[in-house]
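Pasting run-v2.cif here (mmCIF, C-alpha atoms):
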```cif
data_upload
loop_
_atom_site.label_atom_id
_atom_site.label_comp_id
_atom_site.auth_asym_id
_atom_site.auth_seq_id
_atom_site.Cartn_x
_atom_site.Cartn_y
_atom_site.Cartn_z
CA MET B 293 88.36 94.89 120.06
CA LYS B 294 88.81 92.88 123.30
CA MET B 295 91.25 93.80 126.03
CA ARG B 296 92.38 91.47 128.78
CA LEU B 297 94.07 92.37 132.02
CA SER B 298 95.81 89.71 134.06
CA ALA B 299 95.03 89.19 137.73
CA ARG B 300 98.33 90.85 138.45
CA GLY B 301 97.40 93.86 136.29
CA ASN B 302 97.05 97.33 137.61
CA LYS B 303 93.62 97.69 139.23
CA THR B 304 93.76 101.45 139.00
CA ALA B 305 94.44 101.30 135.27
CA PHE B 306 91.42 99.01 134.80
CA GLN B 307 89.18 101.37 136.75
CA GLY B 308 90.52 104.27 134.71
CA LEU B 309 89.58 102.51 131.48
CA ARG B 310 86.04 101.89 132.78
CA LEU B 311 85.75 105.54 133.77
CA LEU B 312 86.91 106.71 130.34
CA HIS B 313 84.52 104.30 128.59
CA LEU B 314 81.52 105.45 130.65
CA PHE B 315 82.31 109.12 130.17
CA ARG B 316 82.71 108.77 126.41
CA SER B 317 79.58 106.69 125.92
CA GLN B 318 77.44 108.97 128.09
CA SER B 319 78.87 112.08 126.44
CA ILE B 320 77.93 110.72 123.02
CA GLY B 321 74.47 109.81 124.27
CA SER B 322 73.88 113.25 125.76
CA LYS B 323 74.88 114.98 122.52
CA ARG B 324 72.42 112.89 120.53
CA THR B 325 69.46 113.26 122.92
CA ASN B 326 70.26 116.69 124.32
CA THR B 327 69.52 115.40 127.82
CA PRO B 328 71.65 115.57 130.98
CA LEU B 329 74.08 112.79 131.67
CA ARG B 330 72.72 110.05 133.89
CA ASN B 331 74.93 108.36 136.45
CA ASN B 332 77.65 110.82 135.54
CA PRO B 333 80.93 109.39 136.85
CA PHE B 334 82.23 112.96 137.24
CA SER B 335 79.42 113.94 139.60
CA PRO B 336 80.64 114.82 143.14
CA SER B 337 78.09 112.38 144.53
CA ARG B 338 79.58 109.47 142.62
CA THR B 339 82.08 107.39 144.60
CA THR B 340 81.98 104.21 142.53
CA PHE B 341 85.62 104.44 141.51
CA GLY B 342 87.06 105.41 144.86
CA ASN B 343 90.28 107.40 144.78
CA ILE B 344 90.10 107.95 141.01
CA GLN B 345 86.84 109.84 141.44
CA ALA B 346 87.99 111.62 144.60
CA GLY B 347 91.03 113.03 142.82
CA PHE B 348 88.98 114.58 140.04
CA ARG B 349 86.71 117.62 140.21
CA PRO B 350 84.23 118.80 137.56
CA SER B 351 85.59 122.32 138.01
CA ASN B 352 89.04 121.09 137.00
CA PHE B 353 87.61 119.54 133.86
CA ARG B 354 85.82 122.76 132.90
CA VAL B 355 88.95 124.82 133.43
CA MET B 356 90.98 122.47 131.26
CA ALA B 357 88.40 122.57 128.48
CA SER B 358 88.01 126.34 128.54
CA SER B 359 91.75 127.05 128.61
CA ALA B 360 92.27 124.90 125.53
CA SER B 361 89.80 127.02 123.58
CA VAL B 362 91.35 130.39 124.43
CA ASP B 363 92.50 132.22 121.31
CA PRO B 364 96.28 132.73 121.14
CA GLU B 365 97.52 136.26 121.68
CA PRO B 366 98.98 137.98 118.58
CA PHE B 367 102.67 138.88 118.79
CA LYS B 368 105.46 140.55 116.86
CA LEU B 369 108.25 138.32 115.57
CA ALA B 370 111.71 139.67 114.76
CA LEU B 371 114.41 137.91 112.71
CA CYS B 372 117.87 139.40 113.26
CA GLN B 373 120.01 138.86 110.17
CA LEU B 374 123.48 139.45 111.61
CA GLN B 375 126.85 140.00 109.99
CA VAL B 376 128.99 137.26 111.51
CA THR B 377 132.75 137.77 111.90
CA ALA B 378 135.69 135.79 113.27
CA ASP B 379 135.57 137.84 116.51
CA LYS B 380 133.24 136.18 119.03
CA GLU B 381 133.04 139.25 121.27
CA GLU B 382 132.13 141.39 118.29
CA ASN B 383 129.43 138.88 117.32
CA ILE B 384 127.97 138.94 120.83
CA THR B 385 127.97 142.74 120.77
CA SER B 386 126.25 142.73 117.39
CA ALA B 387 123.61 140.27 118.59
CA THR B 388 123.02 142.29 121.76
CA LYS B 389 122.48 145.46 119.76
CA ALA B 390 120.08 143.75 117.35
CA VAL B 391 118.01 142.10 120.10
CA LYS B 392 117.67 145.42 121.94
CA GLU B 393 116.66 147.20 118.74
CA ALA B 394 114.05 144.54 117.98
CA ALA B 395 112.62 144.73 121.50
CA SER B 396 112.47 148.53 121.34
CA ASN B 397 110.37 148.15 118.18
CA GLY B 398 107.87 145.96 119.98
CA ALA B 399 109.10 142.46 119.17
CA ASN B 400 107.92 139.76 121.57
CA ILE B 401 109.86 136.84 120.09
CA ILE B 402 113.33 137.51 118.68
CA VAL B 403 115.30 135.06 116.56
CA LEU B 404 119.03 134.90 115.74
CA PRO B 405 120.76 133.06 112.86
CA GLU B 406 122.49 129.71 112.74
CA MET B 407 126.08 129.87 114.07
CA TRP B 408 125.78 133.55 114.90
CA ASN B 409 128.82 133.63 117.22
CA CYS B 410 131.37 132.12 114.81
CA PRO B 411 132.20 131.57 111.14
CA TYR B 412 130.40 128.61 109.60
CA SER B 413 133.24 126.13 109.15
CA ASN B 414 134.42 122.86 110.60
CA ASP B 415 137.63 124.58 111.64
CA SER B 416 135.69 127.13 113.70
CA PHE B 417 133.22 124.88 115.51
CA PRO B 418 135.69 123.32 118.00
CA THR B 419 137.39 126.68 118.65
CA TYR B 420 134.21 128.66 119.35
CA ALA B 421 132.27 125.89 121.13
CA GLU B 422 130.82 126.59 124.58
CA GLU B 423 129.52 124.41 127.40
CA ILE B 424 125.99 125.79 127.49
CA ASP B 425 124.95 123.98 130.67
CA SER B 426 127.81 125.57 132.62
CA ASP B 427 128.16 129.15 133.82
CA ASP B 428 131.02 129.63 131.39
CA SER B 429 129.05 130.26 128.21
CA PRO B 430 129.33 133.92 127.19
CA SER B 431 126.97 133.56 124.22
CA ALA B 432 124.20 131.79 126.14
CA ASN B 433 124.62 134.06 129.17
CA ALA B 434 124.30 137.15 126.99
CA LEU B 435 121.03 135.91 125.49
CA SER B 436 119.65 134.89 128.88
CA ASN B 437 120.38 138.32 130.31
CA LEU B 438 118.84 140.05 127.28
CA ALA B 439 115.65 137.97 127.48
CA LYS B 440 115.24 138.84 131.16
CA GLU B 441 116.17 142.51 130.79
CA LEU B 442 113.81 143.07 127.85
CA SER B 443 111.07 140.61 128.91
CA VAL B 444 111.07 138.84 125.54
CA TYR B 445 111.50 135.32 124.21
CA VAL B 446 114.84 134.81 122.50
CA ILE B 447 115.26 131.91 120.09
CA GLY B 448 119.02 132.06 120.00
CA GLY B 449 119.84 130.85 116.49
CA SER B 450 122.57 128.33 117.11
CA ILE B 451 126.10 128.12 118.42
CA PRO B 452 128.57 125.22 118.59
CA GLU B 453 127.96 123.42 121.87
CA ARG B 454 130.54 121.27 123.63
CA GLN B 455 129.43 118.45 125.90
CA LYS B 456 132.27 116.23 127.04
CA ASP B 457 133.94 114.93 123.89
CA LYS B 458 131.11 115.85 121.49
CA LEU B 459 130.14 118.99 119.60
CA TYR B 460 126.59 119.93 118.61
CA ASN B 461 124.93 122.63 116.52
CA THR B 462 122.58 123.90 119.22
CA CYS B 463 119.73 126.40 119.49
CA CYS B 464 118.89 127.77 122.94
CA VAL B 465 115.47 129.25 123.70
CA PHE B 466 115.10 131.69 126.60
CA SER B 467 111.93 132.84 128.35
CA PRO B 468 111.13 136.47 129.29
CA GLU B 469 112.44 135.54 132.75
CA GLY B 470 115.81 134.61 131.26
CA SER B 471 115.38 130.87 131.82
CA LEU B 472 116.65 128.33 129.33
CA ILE B 473 113.35 126.63 128.40
CA ALA B 474 114.53 124.56 125.44
CA LYS B 475 117.68 123.38 123.73
CA HIS B 476 117.47 121.96 120.21
CA ARG B 477 120.45 120.13 118.77
CA LYS B 478 120.43 119.96 114.98
CA VAL B 479 118.97 116.59 114.10
CA HIS B 480 119.98 116.34 110.42
CA LEU B 481 123.61 117.18 109.79
CA PHE B 482 124.57 119.05 106.63
CA ASP B 483 126.56 116.49 104.66
CA ILE B 484 126.41 117.20 100.92
CA ASP B 485 128.62 117.03 97.85
CA ILE B 486 127.47 118.76 94.68
CA PRO B 487 130.38 118.33 92.24
CA GLY B 488 131.79 121.60 91.00
CA LYS B 489 129.47 123.56 93.32
CA ILE B 490 129.80 122.87 97.03
CA ALA B 491 130.90 120.15 99.43
CA PHE B 492 130.46 120.28 103.19
CA LYS B 493 130.32 117.62 105.88
CA GLU B 494 129.19 118.76 109.32
CA SER B 495 129.60 115.23 110.62
CA ASP B 496 133.37 115.69 110.41
CA THR B 497 133.11 117.69 113.64
CA LEU B 498 129.49 117.70 114.85
CA THR B 499 127.20 115.08 116.37
CA ALA B 500 123.52 114.92 115.44
CA GLY B 501 120.90 115.63 118.08
CA ASP B 502 118.51 112.86 119.12
CA LYS B 503 115.40 114.82 120.16
CA LEU B 504 112.74 116.98 118.55
CA THR B 505 111.85 120.28 120.18
CA VAL B 506 108.50 121.99 120.70
CA VAL B 507 108.53 124.98 123.05
CA GLU B 508 105.58 126.12 125.16
CA THR B 509 105.22 129.92 125.14
CA LYS B 510 102.47 132.32 126.20
CA TYR B 511 101.67 132.77 122.51
CA GLY B 512 101.43 129.09 121.64
CA LYS B 513 103.65 126.13 120.80
CA ILE B 514 106.71 126.70 118.62
CA GLY B 515 108.70 123.98 116.90
CA VAL B 516 112.45 124.47 116.46
CA GLY B 517 114.70 123.14 113.70
CA ILE B 518 118.09 124.19 112.37
CA CYS B 519 118.90 124.75 108.68
CA TYR B 520 119.14 121.27 107.09
CA ASP B 521 116.26 120.13 109.33
CA LEU B 522 114.06 122.22 107.02
CA ARG B 523 114.49 119.65 104.24
CA PHE B 524 112.72 116.87 106.14
CA PRO B 525 108.92 117.15 105.93
CA GLU B 526 108.25 114.41 108.48
CA MET B 527 109.87 116.47 111.22
CA ALA B 528 107.58 119.42 110.51
CA MET B 529 104.57 117.10 110.35
CA ILE B 530 105.41 115.75 113.81
CA TYR B 531 105.68 119.30 115.12
CA ALA B 532 102.23 120.08 113.73
CA LYS B 533 100.84 116.92 115.35
CA ARG B 534 102.34 118.03 118.66
CA GLY B 535 100.47 121.33 118.40
CA ALA B 536 103.05 123.72 116.99
CA LYS B 537 101.57 126.55 114.92
CA LEU B 538 104.92 128.19 114.17
CA ILE B 539 108.19 126.47 113.28
CA VAL B 540 111.40 128.49 113.51
CA TYR B 541 114.48 127.43 111.56
CA PRO B 542 117.69 129.36 112.11
CA GLY B 543 119.66 128.47 108.99
CA ALA B 544 122.51 129.34 106.65
CA PHE B 545 121.75 128.10 103.16
CA ASN B 546 124.54 128.76 100.67
CA MET B 547 124.79 130.44 97.27
CA VAL B 548 124.10 127.15 95.46
CA THR B 549 121.01 125.88 97.27
CA GLY B 550 119.74 129.19 98.65
CA PRO B 551 118.44 130.78 95.43
CA VAL B 552 116.40 127.71 94.45
CA HIS B 553 115.47 125.93 97.69
CA TRP B 554 115.43 128.39 100.63
CA GLN B 555 112.02 130.01 100.13
CA LEU B 556 110.56 126.99 98.34
CA LEU B 557 111.18 124.71 101.32
CA GLN B 558 109.71 127.23 103.76
CA GLN B 559 106.57 127.53 101.71
CA ALA B 560 106.33 123.75 101.36
CA ARG B 561 106.59 123.17 105.13
CA ALA B 562 104.08 125.96 105.81
CA LEU B 563 101.60 124.77 103.18
CA ASP B 564 101.81 121.06 104.01
CA ASN B 565 101.14 121.68 107.69
CA GLN B 566 99.06 124.89 107.47
CA LEU B 567 101.20 126.81 109.94
CA PHE B 568 103.72 129.66 110.07
CA VAL B 569 107.38 129.08 109.21
CA ALA B 570 110.18 131.53 110.01
CA THR B 571 113.83 131.28 108.97
CA CYS B 572 116.72 133.42 110.16
CA SER B 573 119.99 133.51 108.22
CA PRO B 574 123.29 135.29 108.74
CA ALA B 575 123.87 138.21 106.39
CA ARG B 576 125.95 137.47 103.30
CA ASP B 577 129.72 137.83 103.47
CA GLU B 578 131.31 137.36 100.06
CA LYS B 579 134.77 137.05 101.65
CA ALA B 580 133.85 134.17 103.95
CA SER B 581 134.83 130.58 103.18
CA TYR B 582 131.13 129.73 103.39
CA THR B 583 128.84 132.38 101.91
CA ALA B 584 125.31 132.49 103.31
CA TRP B 585 122.35 133.27 101.07
CA GLY B 586 120.61 135.54 103.61
CA HIS B 587 116.95 136.37 102.92
CA SER B 588 115.51 135.68 106.38
CA THR B 589 111.80 135.08 105.82
CA VAL B 590 108.40 134.57 107.45
CA VAL B 591 105.83 132.45 105.58
CA GLY B 592 102.14 132.17 106.53
CA PRO B 593 99.89 129.08 106.69
CA PHE B 594 98.67 129.65 103.11
CA ALA B 595 102.28 129.67 101.86
CA GLU B 596 102.19 133.45 101.51
CA VAL B 597 105.43 135.36 102.17
CA VAL B 598 104.62 137.62 105.10
CA ALA B 599 108.01 139.34 105.35
CA SER B 600 111.48 138.87 103.91
CA ALA B 601 114.93 140.45 103.94
CA ASP B 602 117.55 140.75 101.23
CA HIS B 603 121.13 139.56 101.83
CA LYS B 604 122.30 142.51 103.95
CA PRO B 605 122.36 142.87 107.75
CA GLY B 606 119.01 143.94 109.15
CA ILE B 607 115.92 142.95 111.12
CA VAL B 608 112.74 141.50 109.63
CA TYR B 609 109.47 142.07 111.50
CA ALA B 610 106.16 140.24 111.18
CA ASP B 611 102.93 140.56 113.13
CA ILE B 612 101.80 137.00 113.81
CA ASP B 613 98.25 135.97 114.66
CA LEU B 614 98.14 132.22 115.16
CA LYS B 615 94.34 132.25 114.81
CA GLN B 616 95.04 132.30 111.08
CA VAL B 617 96.28 128.73 111.41
CA GLU B 618 92.92 127.54 112.69
CA GLU B 619 91.10 129.56 110.05
CA ARG B 620 93.11 127.97 107.24
CA ARG B 621 92.64 124.51 108.72
CA LEU B 622 88.91 125.11 109.03
CA ASN B 623 88.62 126.28 105.43
CA MET B 624 90.70 123.37 104.14
CA PRO B 625 90.51 120.57 106.76
CA LEU B 626 93.43 118.48 105.56
CA THR B 627 94.06 116.76 108.88
CA LYS B 628 90.49 115.45 108.96
CA GLN B 629 90.70 114.33 105.34
CA LYS B 630 93.86 112.25 105.69
CA ARG B 631 93.50 108.52 105.01
CA ALA B 632 94.86 106.87 108.12
CA ASP B 633 93.65 103.56 106.70
CA LEU B 634 96.19 103.93 103.88
CA TYR B 635 99.10 105.79 105.48
CA ASP B 636 100.18 107.25 108.80
CA LEU B 637 103.07 109.07 110.45
CA GLN B 638 104.50 107.65 113.65
CA ASP B 639 105.84 109.93 116.37
CA CYS B 640 108.76 107.99 117.86
CA ARG B 641 108.32 109.91 121.13
CA ASN B 642 105.52 107.43 121.86
CA PHE B 643 107.79 104.41 121.54
CA VAL B 644 109.03 102.64 124.66
CA GLY B 645 112.62 103.61 125.39
CA PHE B 646 112.55 106.79 123.30
CA LYS B 647 114.54 109.65 124.81
CA ILE B 648 112.41 112.67 125.78
#
```
Take the structure in this file and express it as structure tokens.
Amino acid sequence: MKMRLSARGNKTAFQGLRLLHLFRSQSIGSKRTNTPLRNNPFSPSRTTFGNIQAGFRPSNFRVMASSASVDPEPFKLALCQLQVTADKEENITSATKAVKEAASNGANIIVLPEMWNCPYSNDSFPTYAEEIDSDDSPSANALSNLAKELSVYVIGGSIPERQKDKLYNTCCVFSPEGSLIAKHRKVHLFDIDIPGKIAFKESDTLTAGDKLTVVETKYGKIGVGICYDLRFPEMAMIYAKRGAKLIVYPGAFNMVTGPVHWQLLQQARALDNQLFVATCSPARDEKASYTAWGHSTVVGPFAEVVASADHKPGIVYADIDLKQVEERRLNMPLTKQKRADLYDLQDCRNFVGFKI
């Protein structure tokens, strides 16, 4: 493959390409002959590439390589299956109590359900919506304060978010310092019509998000989706390609799809990508206009059910060791066996003009 750079091209970029080519070729040669690199461009005595070389230190390279190989720290995950009511203050109180209980039992990452601060209905979303980026968001502020007070990560299910004239189904993720480190807006809106069973159209009130979300934590990378996002395997595959070893889906499947699809989809996403999947549902309320299935669940990278709830309010705990992901991928190296010459998955984040 030939590459041409115009006279007006970036000289630094050209030098960088030469540096990368030399390093790769010499690295390959050293592995084959088991001899030290000659004319190593990363040697402190080398000044061939001017400022590019001066800005790089071998010690930096070693630190980067060693940090990437550090085993992730095990952690305890908690899924809080809450009973959601029409009283927002009561819902916030219920969530606060559950998060504190989970933290007292050793949970490091605590998850809440989809739409935990309001009933799941198009009538409720505009009424209960909050401007998360402002100081006037009682639900987000409560979770931020809890994360900081308890020194835990809180993956805050979802609440209806208002931004100007639009509403979103939004999950906020808070660090142990109480900082908002990620905000995932539901990408795939729940628009279905199963005659004689259920019909719902989130797009009547909500706007779809336009970004995917992978969160950096001290335990590893976590992908975030919301409910209907679970049905789209490409999204989970992109998360795996971006390094996520756990995907968390706050969700509220119903009494029609829940019994047949809820666990099946979790196991499919976990098995396809050889990673952990966790879902957190509201508890079931038979009197509600929309009845959630419940059954918050954690699935392992071999599609095994690690922990699961029934339909009642409660907290599900699971001890997670992300090293299991690498073990499963080593035993069954699917990513290395894929036929990129026949098919491939494109991450649109790499496209020019894509919103990050």
Requested in this report: State, in Å with one decimal place, the distance from atom CA of B:Val446 to atom CA of B:Ala387.
Outcome: 11.0 Å
**Report entry** Residues near stretch 416-424 of chain B, cut-off 8 Å, all atoms listed in the file, skip fewer than 5 positions along chain, as a list in words
**Finding:**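 In the requested format, the answer is Lys380, Asn409, Cys410, Pro411, Ser429, Pro430, Ser431, Ala432, Ile451, Pro452, Glu453, Arg454, Gln455, Leu459 and Thr497 of chain B.
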For the residues in the current selection, export C-alpha atoms as a PDB file, keeping the file's coordinate frame.
```pdb
ATOM      1  CA  LYS B 380     133.240 136.180 119.030  1.00  0.00           C
ATOM      2  CA  ASN B 409     128.820 133.630 117.220  1.00  0.00           C
ATOM      3  CA  CYS B 410     131.370 132.120 114.810  1.00  0.00           C
ATOM      4  CA  PRO B 411     132.200 131.570 111.140  1.00  0.00           C
ATOM      5  CA  SER B 429     129.050 130.260 128.210  1.00  0.00           C
ATOM      6  CA  PRO B 430     129.330 133.920 127.190  1.00  0.00           C
ATOM      7  CA  SER B 431     126.970 133.560 124.220  1.00  0.00           C
ATOM      8  CA  ALA B 432     124.200 131.790 126.140  1.00  0.00           C
ATOM      9  CA  ILE B 451     126.100 128.120 118.420  1.00  0.00           C
ATOM     10  CA  PRO B 452     128.570 125.220 118.590  1.00  0.00           C
ATOM     11  CA  GLU B 453     127.960 123.420 121.870  1.00  0.00           C
ATOM     12  CA  ARG B 454     130.540 121.270 123.630  1.00  0.00           C
ATOM     13  CA  GLN B 455     129.430 118.450 125.900  1.00  0.00           C
ATOM     14  CA  LEU B 459     130.140 118.990 119.600  1.00  0.00           C
ATOM     15  CA  THR B 497     133.110 117.690 113.640  1.00  0.00           C
TER      16      THR B 497
END
```
Requested in this report: Quick one: apply the PyMOL selection byres ((chain B and resi 361-371) around 7) to the file and drop the selected residues here as a list in words.
Outcome: Ala357, Ser358, Ser359, Ala360, Cys372, Gln373, Ala394, Gly398, Ala399, Asn400, Ile401, Ile402, Val403, Leu404, Tyr511, Gly512, Cys572, Ser588, Ile607, Val608, Tyr609, Ala610, Asp611, Ile612, Asp613, Leu614 and Lys615 of chain B
Query raised in the report: Hey, can you check how far atom CA of B:Phe545 sits from atom CA of B:Ala584?
Result: 5.7 Å
Once 4 Å is added on each side, what are the centre and the three edge lengths, in Å to one decimal, of the axis-aligned box enclosing the listed atoms of stretch 436-447 of chain B? Present them as AutoDock Vina command-line options.
```
--center_x 115.7 --center_y 137.5 --center_z 125.6 --size_x 17.3 --size_y 19.2 --size_z 19.1
```
Query - Selection: 8 Å around stretch 519-526 of chain B, all atoms listed in the file, excl. self and same-chain fewer than 2 positions, as a PyMOL selection string - result: chain B and resi 406+478-482+517+528-530+541-545+557-558+561+637
Can I get the selection written as a short mmCIF file (atom, residue, chain, number, x, y, z; two decimals), in the frame of the given file, with C-alpha atoms?
```cif
data_model
loop_
_atom_site.label_atom_id
_atom_site.label_comp_id
_atom_site.auth_asym_id
_atom_site.auth_seq_id
_atom_site.Cartn_x
_atom_site.Cartn_y
_atom_site.Cartn_z
CA GLU B 406 122.49 129.71 112.74
CA LYS B 478 120.43 119.96 114.98
CA VAL B 479 118.97 116.59 114.10
CA HIS B 480 119.98 116.34 110.42
CA LEU B 481 123.61 117.18 109.79
CA PHE B 482 124.57 119.05 106.63
CA GLY B 517 114.70 123.14 113.70
CA ALA B 528 107.58 119.42 110.51
CA MET B 529 104.57 117.10 110.35
CA ILE B 530 105.41 115.75 113.81
CA TYR B 541 114.48 127.43 111.56
CA PRO B 542 117.69 129.36 112.11
CA GLY B 543 119.66 128.47 108.99
CA ALA B 544 122.51 129.34 106.65
CA PHE B 545 121.75 128.10 103.16
CA LEU B 557 111.18 124.71 101.32
CA GLN B 558 109.71 127.23 103.76
CA ARG B 561 106.59 123.17 105.13
CA LEU B 637 103.07 109.07 110.45
#
```
Requested in this report: Choose the residue, out of B:Lys493, B:Lys579, B:Arg477, B:Lys456, that has the smallest atom-to-atom separation from B:Ala378; count only C-alpha atoms.
Outcome: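 So, comparing all the options, the nearest one is B:Lys579.
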Requested in this report: Rank B:Glu508, B:Lys503, B:Glu393, B:Val617 by their smallest atom-to-atom distance to B:Cys640, using all atoms listed in the file, and report the top residue only.
Outcome: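 The shortest atom-to-atom distance to B:Cys640 comes from B:Lys503.
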